[in-house]
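Structure data (PDB, C-alpha atoms) from run-v5.pdb:
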ATOM      1  CA  MET A 468      30.458 -22.545   0.498
ATOM      2  CA  ILE A 469      27.108 -22.102   2.248
ATOM      3  CA  ASP A 470      24.660 -19.871   0.369
ATOM      4  CA  VAL A 471      21.790 -17.803   1.759
ATOM      5  CA  VAL A 472      19.240 -20.589   1.161
ATOM      6  CA  GLU A 473      21.256 -22.976   3.339
ATOM      7  CA  ILE A 474      21.857 -20.226   5.938
ATOM      8  CA  GLN A 475      18.081 -19.814   6.234
ATOM      9  CA  LYS A 476      17.821 -23.525   7.029
ATOM     10  CA  ILE A 477      20.217 -22.983   9.945
ATOM     11  CA  LEU A 478      19.183 -19.578  11.346
ATOM     12  CA  PRO A 479      15.678 -18.323  12.177
ATOM     13  CA  HIS A 480      16.476 -14.779  10.936
ATOM     14  CA  ARG A 481      14.839 -13.398   7.788
ATOM     15  CA  PHE A 482      14.943 -10.164   5.784
ATOM     16  CA  PRO A 483      15.598  -7.481   6.848
ATOM     17  CA  PHE A 484      17.407  -8.997   9.824
ATOM     18  CA  LEU A 485      19.298 -11.846   8.176
ATOM     19  CA  LEU A 486      22.726 -10.241   8.127
ATOM     20  CA  ILE A 487      24.935 -12.813   6.433
ATOM     21  CA  ASP A 488      24.660 -13.713   2.753
ATOM     22  CA  ARG A 489      27.204 -16.505   2.389
ATOM     23  CA  VAL A 490      29.804 -18.512   4.249
ATOM     24  CA  VAL A 491      33.027 -19.104   2.346
ATOM     25  CA  GLU A 492      35.053 -20.927   5.006
ATOM     26  CA  LEU A 493      33.949 -23.093   7.904
ATOM     27  CA  GLU A 494      36.018 -25.302  10.162
ATOM     28  CA  PRO A 495      33.687 -26.686  12.852
ATOM     29  CA  ALA A 496      34.508 -25.595  16.418
ATOM     30  CA  LYS A 497      37.289 -23.324  15.111
ATOM     31  CA  ASN A 498      36.628 -20.816  12.345
ATOM     32  CA  ILE A 499      34.058 -19.239  10.049
ATOM     33  CA  VAL A 500      34.334 -16.606   7.319
ATOM     34  CA  ALA A 501      31.007 -15.103   6.276
ATOM     35  CA  TYR A 502      29.979 -12.148   4.126
ATOM     36  CA  LYS A 503      27.213  -9.578   4.161
ATOM     37  CA  ASN A 504      26.767  -7.560   0.970
ATOM     38  CA  VAL A 505      26.168  -4.010   2.176
ATOM     39  CA  THR A 506      24.463  -1.903  -0.500
ATOM     40  CA  ILE A 507      22.816   1.521  -0.494
ATOM     41  CA  GLY A 508      19.483  -0.337  -0.790
ATOM     42  CA  GLU A 509      19.668  -1.372   2.890
ATOM     43  CA  PRO A 510      16.690   0.175   4.743
ATOM     44  CA  ILE A 511      19.011   1.239   7.591
ATOM     45  CA  PHE A 512      20.643   3.869   5.363
ATOM     46  CA  GLN A 513      17.449   5.925   5.199
ATOM     47  CA  GLY A 514      18.276   7.215   8.653
ATOM     48  CA  HIS A 515      21.919   6.320   9.314
ATOM     49  CA  PHE A 516      22.965   8.847   8.045
ATOM     50  CA  PRO A 517      21.218  10.648   5.159
ATOM     51  CA  GLY A 518      23.870  11.889   2.741
ATOM     52  CA  HIS A 519      26.629  10.055   4.651
ATOM     53  CA  PRO A 520      25.658   6.360   4.841
ATOM     54  CA  ILE A 521      27.439   4.395   7.573
ATOM     55  CA  TYR A 522      26.459   0.824   8.456
ATOM     56  CA  PRO A 523      25.718   0.775  12.208
ATOM     57  CA  GLY A 524      28.113  -1.025  14.524
ATOM     58  CA  VAL A 525      25.250  -2.858  16.185
ATOM     59  CA  MET A 526      24.382  -4.391  12.803
ATOM     60  CA  ILE A 527      28.007  -5.453  12.318
ATOM     61  CA  ILE A 528      27.949  -7.128  15.730
ATOM     62  CA  GLU A 529      24.634  -8.850  14.926
ATOM     63  CA  GLY A 530      26.102 -10.173  11.668
ATOM     64  CA  LEU A 531      29.055 -11.493  13.669
ATOM     65  CA  ALA A 532      26.635 -13.165  16.084
ATOM     66  CA  GLN A 533      24.723 -14.773  13.209
ATOM     67  CA  ALA A 534      27.935 -16.122  11.715
ATOM     68  CA  GLY A 535      28.779 -17.469  15.166
ATOM     69  CA  GLY A 536      25.369 -19.150  15.252
ATOM     70  CA  VAL A 537      26.070 -20.900  11.959
ATOM     71  CA  LEU A 538      29.458 -22.004  13.304
ATOM     72  CA  ALA A 539      27.872 -23.282  16.529
ATOM     73  CA  PHE A 540      25.171 -25.261  14.721
ATOM     74  CA  LYS A 541      27.582 -26.733  12.206
ATOM     75  CA  SER A 542      29.968 -27.645  15.047
ATOM     76  CA  MET A 543      27.196 -29.379  17.019
ATOM     77  CA  GLU A 544      26.010 -31.120  13.849
ATOM     78  CA  LYS A 545      29.500 -32.535  13.281
ATOM     79  CA  GLU A 546      29.481 -33.894  16.837
ATOM     80  CA  GLY A 547      26.192 -35.680  16.173
ATOM     81  CA  VAL A 548      24.094 -33.476  18.467
ATOM     82  CA  ASP A 549      20.323 -33.487  17.826
ATOM     83  CA  LEU A 550      19.687 -29.898  16.705
ATOM     84  CA  SER A 551      15.886 -30.062  16.613
ATOM     85  CA  ASP A 552      15.493 -28.399  20.029
ATOM     86  CA  LYS A 553      18.589 -26.169  20.018
ATOM     87  CA  VAL A 554      18.709 -22.370  19.936
ATOM     88  CA  VAL A 555      21.895 -20.293  20.003
ATOM     89  CA  TYR A 556      21.841 -16.865  21.665
ATOM     90  CA  PHE A 557      24.497 -14.157  21.565
ATOM     91  CA  MET A 558      24.752 -12.963  25.152
ATOM     92  CA  SER A 559      27.522 -10.366  25.316
ATOM     93  CA  ILE A 560      30.580  -8.828  23.752
ATOM     94  CA  ASP A 561      33.363  -6.987  25.519
ATOM     95  CA  ASN A 562      35.717  -4.328  24.195
ATOM     96  CA  ALA A 563      34.438  -4.206  20.620
ATOM     97  CA  LYS A 564      36.256  -1.643  18.488
ATOM     98  CA  PHE A 565      35.554  -0.569  14.945
ATOM     99  CA  ARG A 566      38.686   0.359  13.025
ATOM    100  CA  SER A 567      36.959   1.955  10.048
ATOM    101  CA  PRO A 568      33.372   2.671   8.972
ATOM    102  CA  VAL A 569      31.454   0.266   6.755
ATOM    103  CA  ARG A 570      29.954   2.058   3.794
ATOM    104  CA  PRO A 571      27.818   0.750   0.939
TER     105      PRO A 571
END
Encoded form (structure tokens):
Amino acid sequence: MIDVVEIQKILPHRFPFLLIDRVVELEPAKNIVAYKNVTIGEPIFQGHFPGHPIYPGVMIIEGLAQAGGVLAFKSMEKEGVDLSDKVVYFMSIDNAKFRSPVRP
């Protein structure tokens, strides 16, 4: 497992834009399973939507991108790549669909 302290060593993101809290599975170059604890205390719920809190899809996608960044860095690390000058960017996503809303 990779906790939030270790994630912060990998990603440049910080509160309130660090959108993964832990990684529970990681197979370099293949698979990652990461979690974000979504609570009513998230600042985004002040406006999205008052009285009917729904976690925005764009935030879900960003969390996915951050998990992908962890996977990319850990995959490069395993291959012996010098990571000191590396940055991972999420460039696009096609045909994203949300099957059900994320609520706190």
Apply the PyMOL selection byres ((chain A and resi 540) around 9) to the structure shown and report the selected residues as an MDAnalysis selection string.
chainID A and resid 477:478 495 535:539 541:545 550 553:555
Could you list, as a PyMOL selection string, every residue matched by the PyMOL selection byres ((chain A and resi 564) around 12) in this structure?
chain A and resi 524-525+527-528+560-563+565-568
Using all atoms listed in the file, which residue out of A:Ser551, A:Met468, A:Gly518, A:Val569 lies closest to A:Leu493?
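Checking each of A:Ser551, A:Met468, A:Gly518, A:Val569 against A:Leu493, counting all atoms listed in the file, the winner is A:Met468.
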Between atom CA of A:Gln513 and atom CA of A:Ser559 - distance in Å to one decimal:
27.8 Å
Measuring between only C-alpha atoms, which one of A:Phe557, A:Glu494, A:Tyr522, A:Val471 shows the shortest distance to A:Ile507?
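Closest to A:Ile507 of all the choices is A:Tyr522.
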For each of A:Ile511, A:Ile499, A:Ile487, A:Ile469, take the minimum atom-to-atom distance to A:Glu529, counting all atoms listed in the file, then give the residue where this is smallest.
A:Ile487
Atom CA of A:Gly547 to atom CA of A:Asp470 measures 22.4 Å
Report the distance between atom CA of A:Val548 and atom CA of A:Leu486 in Å, rounded to one decimal place.
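Rounded to one decimal, the two atoms are 25.5 Å apart.
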Nearest to A:Ile474 among A:Met558, A:Met526, A:Val505, A:Ala534, with distances taken over all atoms listed in the file: which residue is it?
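Distance minimum relative to A:Ile474 lands on A:Ala534.
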All residues 6 Å or closer to A:Val500, only C-alpha atoms, same chain fewer than 6 positions away omitted, as a compact mmCIF listing (two decimals) with C-alpha atoms, keeping the file's coordinate frame:
# COMPACT_ATOMS: atom_id res chain seq x y z
CA VAL A 490 29.80 -18.51 4.25
CA VAL A 491 33.03 -19.10 2.35
CA GLU A 492 35.05 -20.93 5.01
Which residues, protein or nucleic acid, reach to within 6 Å of (27.1, -14.3, -0.6) in the file's coordinates when using all atoms listed in the file, and can you give that as a list in words?
Asp488, Arg489 and Tyr502 of chain A
Give, as AutoDock Vina command-line options, the centre coordinates and the x, y and z edge lengths in Å to one decimal for an axis-aligned box around all listed atoms of stretch 498-512 of chain A, padded by 5 Å on each side.
--center_x 26.7 --center_y -8.5 --center_z 5.8 --size_x 29.9 --size_y 34.7 --size_z 23.1
